[in-house]
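S.K.: What follows is protein08.pdb, made up of PDB, C-alpha atoms:
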ATOM      1  CA  MET A   1      15.260 -11.484   4.206
ATOM      2  CA  THR A   2      14.328  -8.072   2.867
ATOM      3  CA  ILE A   3      12.464  -6.654  -0.086
ATOM      4  CA  PRO A   4      14.644  -6.812  -3.207
ATOM      5  CA  ASP A   5      15.010  -3.527  -5.053
ATOM      6  CA  HIS A   6      13.095  -4.854  -8.076
ATOM      7  CA  HIS A   7      10.014  -5.385  -5.821
ATOM      8  CA  LEU A   8       9.865  -1.735  -4.826
ATOM      9  CA  THR A   9       7.352   0.394  -6.705
ATOM     10  CA  GLN A  10       8.308   3.464  -8.690
ATOM     11  CA  GLY A  11       9.396   6.221  -6.339
ATOM     12  CA  GLU A  12       9.439   3.900  -3.321
ATOM     13  CA  ARG A  13      12.608   3.746  -1.274
ATOM     14  CA  ARG A  14      13.688   1.640   1.669
ATOM     15  CA  ILE A  15      13.868   3.566   4.933
ATOM     16  CA  ARG A  16      14.847   0.770   7.336
ATOM     17  CA  SER A  17      15.287  -3.023   7.285
ATOM     18  CA  PHE A  18      15.770  -4.963  10.511
ATOM     19  CA  HIS A  19      15.275  -8.226  12.391
ATOM     20  CA  PRO A  20      13.774  -8.625  15.872
ATOM     21  CA  HIS A  21      16.015  -7.548  18.744
ATOM     22  CA  TRP A  22      18.982  -9.792  19.577
ATOM     23  CA  LYS A  23      17.526 -10.505  23.031
ATOM     24  CA  ARG A  24      15.495 -13.284  21.381
ATOM     25  CA  LEU A  25      18.788 -15.164  20.948
ATOM     26  CA  VAL A  26      19.891 -15.055  24.600
ATOM     27  CA  LEU A  27      18.045 -18.210  25.717
ATOM     28  CA  PRO A  28      19.048 -20.215  22.611
ATOM     29  CA  PHE A  29      22.683 -19.207  23.228
ATOM     30  CA  ILE A  30      22.483 -20.260  26.881
ATOM     31  CA  ALA A  31      20.931 -23.565  25.746
ATOM     32  CA  LEU A  32      23.793 -24.014  23.272
ATOM     33  CA  VAL A  33      26.413 -23.532  25.970
ATOM     34  CA  LEU A  34      24.647 -25.766  28.508
ATOM     35  CA  ILE A  35      23.986 -28.579  26.034
ATOM     36  CA  ALA A  36      27.577 -28.486  24.776
ATOM     37  CA  ALA A  37      28.924 -28.517  28.350
ATOM     38  CA  ALA A  38      26.590 -31.335  29.457
ATOM     39  CA  SER A  39      27.402 -33.405  26.368
ATOM     40  CA  GLY A  40      31.126 -32.875  26.865
ATOM     41  CA  ALA A  41      30.883 -33.841  30.532
ATOM     42  CA  ALA A  42      28.822 -36.933  29.690
ATOM     43  CA  LEU A  43      31.355 -38.017  27.066
ATOM     44  CA  PHE A  44      34.211 -37.431  29.504
ATOM     45  CA  PHE A  45      32.628 -39.462  32.301
ATOM     46  CA  ILE A  46      31.666 -42.500  30.198
ATOM     47  CA  PRO A  47      34.229 -45.143  31.192
ATOM     48  CA  GLY A  48      36.430 -46.210  28.273
ATOM     49  CA  ASP A  49      36.598 -49.856  29.365
ATOM     50  CA  TRP A  50      32.806 -50.233  29.563
ATOM     51  CA  ASP A  51      31.353 -52.704  27.018
ATOM     52  CA  TYR A  52      28.708 -50.262  25.823
ATOM     53  CA  ALA A  53      30.874 -47.116  25.834
ATOM     54  CA  LEU A  54      30.626 -46.658  22.060
ATOM     55  CA  TYR A  55      26.815 -46.888  22.134
ATOM     56  CA  ALA A  56      26.634 -44.531  25.101
ATOM     57  CA  ARG A  57      28.824 -41.956  23.323
ATOM     58  CA  ILE A  58      26.724 -42.217  20.165
ATOM     59  CA  ALA A  59      23.553 -41.750  22.253
ATOM     60  CA  VAL A  60      25.008 -38.668  23.969
ATOM     61  CA  VAL A  61      25.987 -37.121  20.640
ATOM     62  CA  VAL A  62      22.588 -37.857  19.043
ATOM     63  CA  VAL A  63      20.625 -36.502  22.010
ATOM     64  CA  GLY A  64      22.895 -33.437  22.133
ATOM     65  CA  LEU A  65      22.399 -32.732  18.427
ATOM     66  CA  ILE A  66      18.622 -33.121  18.720
ATOM     67  CA  LEU A  67      18.492 -30.735  21.690
ATOM     68  CA  LEU A  68      20.774 -28.237  19.936
ATOM     69  CA  THR A  69      18.548 -28.317  16.875
ATOM     70  CA  ILE A  70      15.336 -27.787  18.846
ATOM     71  CA  TRP A  71      16.553 -25.243  21.411
ATOM     72  CA  SER A  72      19.262 -23.330  19.544
ATOM     73  CA  PHE A  73      19.256 -23.797  15.773
ATOM     74  CA  VAL A  74      15.485 -23.503  15.151
ATOM     75  CA  PRO A  75      15.091 -20.315  17.266
ATOM     76  CA  TYR A  76      18.075 -18.804  15.439
ATOM     77  CA  LEU A  77      16.501 -19.630  12.060
ATOM     78  CA  ARG A  78      13.198 -18.093  13.187
ATOM     79  CA  TRP A  79      15.001 -14.930  14.260
ATOM     80  CA  LYS A  80      17.076 -14.751  11.072
ATOM     81  CA  ASN A  81      14.033 -15.315   8.840
ATOM     82  CA  THR A  82      11.868 -12.689  10.531
ATOM     83  CA  ALA A  83      12.342  -9.324   8.863
ATOM     84  CA  TYR A  84      10.721  -5.938   9.062
ATOM     85  CA  VAL A  85      11.070  -3.481   6.182
ATOM     86  CA  LEU A  86       9.874   0.091   6.333
ATOM     87  CA  THR A  87       9.635   1.880   2.990
ATOM     88  CA  THR A  88       8.128   5.179   1.956
ATOM     89  CA  HIS A  89       4.927   3.370   0.880
ATOM     90  CA  ARG A  90       4.539   0.328   3.161
ATOM     91  CA  PHE A  91       5.579  -1.552   6.261
ATOM     92  CA  THR A  92       6.374  -5.211   5.498
ATOM     93  CA  ILE A  93       6.598  -8.057   8.020
ATOM     94  CA  SER A  94       8.089 -11.321   6.695
ATOM     95  CA  THR A  95       8.255 -14.485   8.788
ATOM     96  CA  GLY A  96       8.855 -18.166   8.248
ATOM     97  CA  VAL A  97      11.677 -20.665   7.879
ATOM     98  CA  LEU A  98      10.254 -23.258   5.496
ATOM     99  CA  ASN A  99       6.984 -21.509   4.713
ATOM    100  CA  LYS A 100       7.064 -17.752   4.167
ATOM    101  CA  SER A 101       4.376 -15.379   5.374
ATOM    102  CA  THR A 102       4.415 -11.709   4.417
ATOM    103  CA  ASP A 103       2.143  -8.972   5.727
ATOM    104  CA  GLU A 104       2.227  -5.538   4.151
ATOM    105  CA  ILE A 105       0.594  -2.487   5.625
ATOM    106  CA  PRO A 106       0.297   0.447   3.243
ATOM    107  CA  ILE A 107       1.438   3.618   4.989
ATOM    108  CA  THR A 108      -1.760   5.348   3.846
ATOM    109  CA  LYS A 109      -3.837   2.790   5.808
ATOM    110  CA  VAL A 110      -2.016   3.253   9.130
ATOM    111  CA  ASN A 111      -4.204   5.026  11.695
ATOM    112  CA  THR A 112      -2.214   4.782  14.908
ATOM    113  CA  VAL A 113       1.390   3.964  15.831
ATOM    114  CA  SER A 114       2.277   3.328  19.464
ATOM    115  CA  SER A 115       5.093   1.724  21.407
ATOM    116  CA  ASP A 116       5.414   0.014  24.751
ATOM    117  CA  GLN A 117       8.572  -0.695  26.737
ATOM    118  CA  THR A 118       9.272  -2.389  30.031
ATOM    119  CA  PHE A 119      12.176  -1.158  32.141
ATOM    120  CA  ALA A 120      14.427  -3.963  30.858
ATOM    121  CA  GLU A 121      13.419  -3.196  27.254
ATOM    122  CA  ARG A 122      14.263   0.475  27.790
ATOM    123  CA  MET A 123      17.733  -0.567  28.941
ATOM    124  CA  LEU A 124      18.142  -2.747  25.812
ATOM    125  CA  GLY A 125      16.594  -0.205  23.433
ATOM    126  CA  CYS A 126      13.774  -2.420  22.198
ATOM    127  CA  GLY A 127      10.044  -2.691  22.732
ATOM    128  CA  THR A 128       6.632  -3.573  21.384
ATOM    129  CA  LEU A 129       5.283  -1.660  18.414
ATOM    130  CA  THR A 130       1.524  -1.540  17.859
ATOM    131  CA  VAL A 131       0.329  -0.511  14.411
ATOM    132  CA  GLU A 132      -3.392   0.029  13.942
ATOM    133  CA  SER A 133      -4.527   0.047  10.350
ATOM    134  CA  ALA A 134      -7.758   0.469   8.463
ATOM    135  CA  GLY A 135      -7.304  -2.959   6.855
ATOM    136  CA  ASP A 136      -8.801  -6.349   7.699
ATOM    137  CA  ARG A 137      -6.392  -7.204  10.507
ATOM    138  CA  GLY A 138      -6.951  -3.990  12.440
ATOM    139  CA  GLU A 139      -4.194  -3.942  15.033
ATOM    140  CA  ILE A 140      -0.814  -5.634  14.603
ATOM    141  CA  VAL A 141       1.426  -6.060  17.647
ATOM    142  CA  LEU A 142       5.136  -6.542  16.910
ATOM    143  CA  ARG A 143       7.326  -7.550  19.837
ATOM    144  CA  ASP A 144      11.072  -7.069  20.316
ATOM    145  CA  ILE A 145      11.522  -4.251  17.814
ATOM    146  CA  PRO A 146      15.088  -2.869  18.071
ATOM    147  CA  ARG A 147      15.562   0.903  18.366
ATOM    148  CA  ILE A 148      11.819   1.183  18.936
ATOM    149  CA  GLN A 149      11.733   4.961  19.311
ATOM    150  CA  ASP A 150      13.517   5.522  15.985
ATOM    151  CA  VAL A 151      11.227   3.080  14.180
ATOM    152  CA  ARG A 152       8.107   4.637  15.723
ATOM    153  CA  THR A 153       9.279   8.142  14.824
ATOM    154  CA  GLU A 154      10.073   7.187  11.218
ATOM    155  CA  LEU A 155       6.794   5.327  10.820
ATOM    156  CA  PHE A 156       4.834   8.232  12.298
ATOM    157  CA  ARG A 157       6.645  10.707  10.024
ATOM    158  CA  LEU A 158       5.793   8.571   6.979
ATOM    159  CA  VAL A 159       2.133   8.370   8.064
ATOM    160  CA  GLU A 160       2.021  12.152   8.488
ATOM    161  CA  ASP A 161       3.645  12.687   5.080
ATOM    162  CA  ALA A 162       1.146  10.308   3.469
ATOM    163  CA  SER A 163      -1.822  12.056   5.095
ATOM    164  CA  ASP A 164      -0.481  15.407   3.830
ATOM    165  CA  GLY A 165      -0.228  13.936   0.338
ATOM    166  CA  GLU A 166       3.570  14.052   0.313
ATOM    167  CA  LEU A 167       5.743  11.217  -0.943
ATOM    168  CA  ASP A 168       9.415  10.899  -0.066
ATOM    169  CA  GLY A 169       9.274  14.164   1.882
ATOM    170  CA  ARG A 170       8.238  16.200  -1.226
TER
END
For this file, write the structure as structure tokens.
M.R.:
Amino acid sequence: MTIPDHHLTQGERRIRSFHPHWKRLVLPFIALVLIAAASGAALFFIPGDWDYALYARIAVVVVGLILLTIWSFVPYLRWKNTAYVLTTHRFTISTGVLNKSTDEIPITKVNTVSSDQTFAERMLGCGTLTVESAGDRGEIVLRDIPRIQDVRTELFRLVEDASDGELDGR
């Protein structure tokens, strides 16, 4: 989910496109493993000579699929369909699985760029990016941004270039 080239304005180029940090997928992956293991164990321990064994196995499979959908598949789709695109003219945030929401912050409207990292986030190389703009929304807080220092540096450089009246480093 990124900006197609035909949606870029004349002279605009893509600097960076990325999704939230992969740490958002750790809990859904653990849920996937636990649900698969619990479902497998439940299927194994249902006695084969029991009158309702077929119904019990069907119930285990249905409940397992429902839990996998809610706790693993939906979070993965949310992660996959959340995209950040930094171009020479704007910073775009796209979210949504079935419904799509897109926020665009023109680089010329950005006032302040700051980042925040916990110790664990520093170890993983991610963090929270806060972008304050002169628009209606004011401050936008973006969590779990990968390579936060690189993104902040590039965004700050683009803001400085825009305030100096330069485009694309010219």
S.K.: Restricting the calculation to all atoms listed in the file, which member of A:Tyr84, A:Phe18, A:Phe44, A:Tyr52 is positioned closest to Thr102 of chain A?
M.R.: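 Of A:Tyr84, A:Phe18, A:Phe44, A:Tyr52, the one nearest Thr102 of chain A, counting all atoms listed in the file, is A:Tyr84.
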S.K.: Return as a tab-separated table the residues of segment 9-64 of chain A lying at most 12 Å from segment 110-122 of chain A, together with the closest atom-to-atom pair for each and the distance in Å to one decimal, counting all atoms listed in the file, with rows in chain order and ascending residue number.
M.R.:
residue	atom	partner	partner_atom	distance
A:His21	CA	A:Glu121	CA	9.9
A:Trp22	CA	A:Glu121	CA	11.5
A:Lys23	CA	A:Glu121	CA	9.4
A:Arg24	CA	A:Glu121	CA	11.9
S.K.: Between atom CA of Ala56 of chain A and atom CA of Ala42 of chain A, what is the spacing in Å?
M.R.: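 Atom-to-atom, atom CA of Ala42 of chain A to atom CA of Ala56 of chain A, that is 9.1 Å.
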S.K.: List every residue of segment 12-103 of chain A that has an atom at most 12 Å from any atom of segment 142-162 of chain A, and for each one report the closest atom pair and its distance in Å to one decimal, counting only C-alpha atoms, with rows sorted by chain and then by increasing residue number, as CSV.
M.R.:
residue,atom,partner,partner_atom,distance
A:Glu12,CA,A:Leu158,CA,11.9
A:Arg13,CA,A:Leu158,CA,11.7
A:Arg14,CA,A:Glu154,CA,11.6
A:Ile15,CA,A:Glu154,CA,8.2
A:Arg16,CA,A:Val151,CA,8.1
A:Ser17,CA,A:Val151,CA,10.1
A:Phe18,CA,A:Pro146,CA,7.9
A:His19,CA,A:Ile145,CA,7.7
A:Pro20,CA,A:Ile145,CA,5.3
A:His21,CA,A:Pro146,CA,4.8
A:Trp22,CA,A:Pro146,CA,8.1
A:Lys23,CA,A:Asp144,CA,7.8
A:Arg24,CA,A:Asp144,CA,7.7
A:Leu25,CA,A:Asp144,CA,11.2
A:Trp79,CA,A:Asp144,CA,10.7
A:Thr82,CA,A:Leu142,CA,11.1
A:Ala83,CA,A:Ile145,CA,10.3
A:Tyr84,CA,A:Ile145,CA,8.9
A:Val85,CA,A:Val151,CA,10.3
A:Leu86,CA,A:Leu155,CA,7.6
A:Thr87,CA,A:Leu158,CA,8.7
A:Thr88,CA,A:Leu158,CA,6.5
A:His89,CA,A:Leu158,CA,8.1
A:Arg90,CA,A:Leu158,CA,9.2
A:Phe91,CA,A:Leu155,CA,8.3
A:Thr92,CA,A:Leu142,CA,11.6
A:Ile93,CA,A:Leu142,CA,9.1
A:Ser94,CA,A:Leu142,CA,11.7
A:Thr95,CA,A:Leu142,CA,11.8
A:Asp103,CA,A:Leu142,CA,11.8
S.K.: Go through A:Ser39, A:Pro28, A:Tyr55, A:Ile107 and flag the residue nearest Arg78 of chain A, using all atoms listed in the file for the distances.
M.R.: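 Closest to Arg78 of chain A of all the choices is A:Pro28.
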S.K.: Please report the interatomic distance between atom CA of Ala41 of chain A and atom CA of Val74 of chain A in Å with one decimal.
M.R.: 24.1 Å
S.K.: Go through A:Ser163, A:Ile66, A:Gly96, A:Thr130 one by one, measure the shortest atom-to-atom distance of each to Thr108 of chain A using all atoms listed in the file, and give the residue with the smallest value.
M.R.: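 Among the listed residues, the smallest separation from Thr108 of chain A belongs to A:Ser163.
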S.K.: Work out how far apart atom CA of Gly127 of chain A and atom CA of Val141 of chain A are and give it in Å to one decimal.
M.R.: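 Calculated distance between atom CA of Gly127 of chain A and atom CA of Val141 of chain A is 10.6 Å.
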S.K.: What does the PyMOL selection byres ((chain A and resi 29-35) around 7) select in this file, as a PyMOL selection string?
M.R.: chain A and resi 25-28+36-39+64+68+71-72
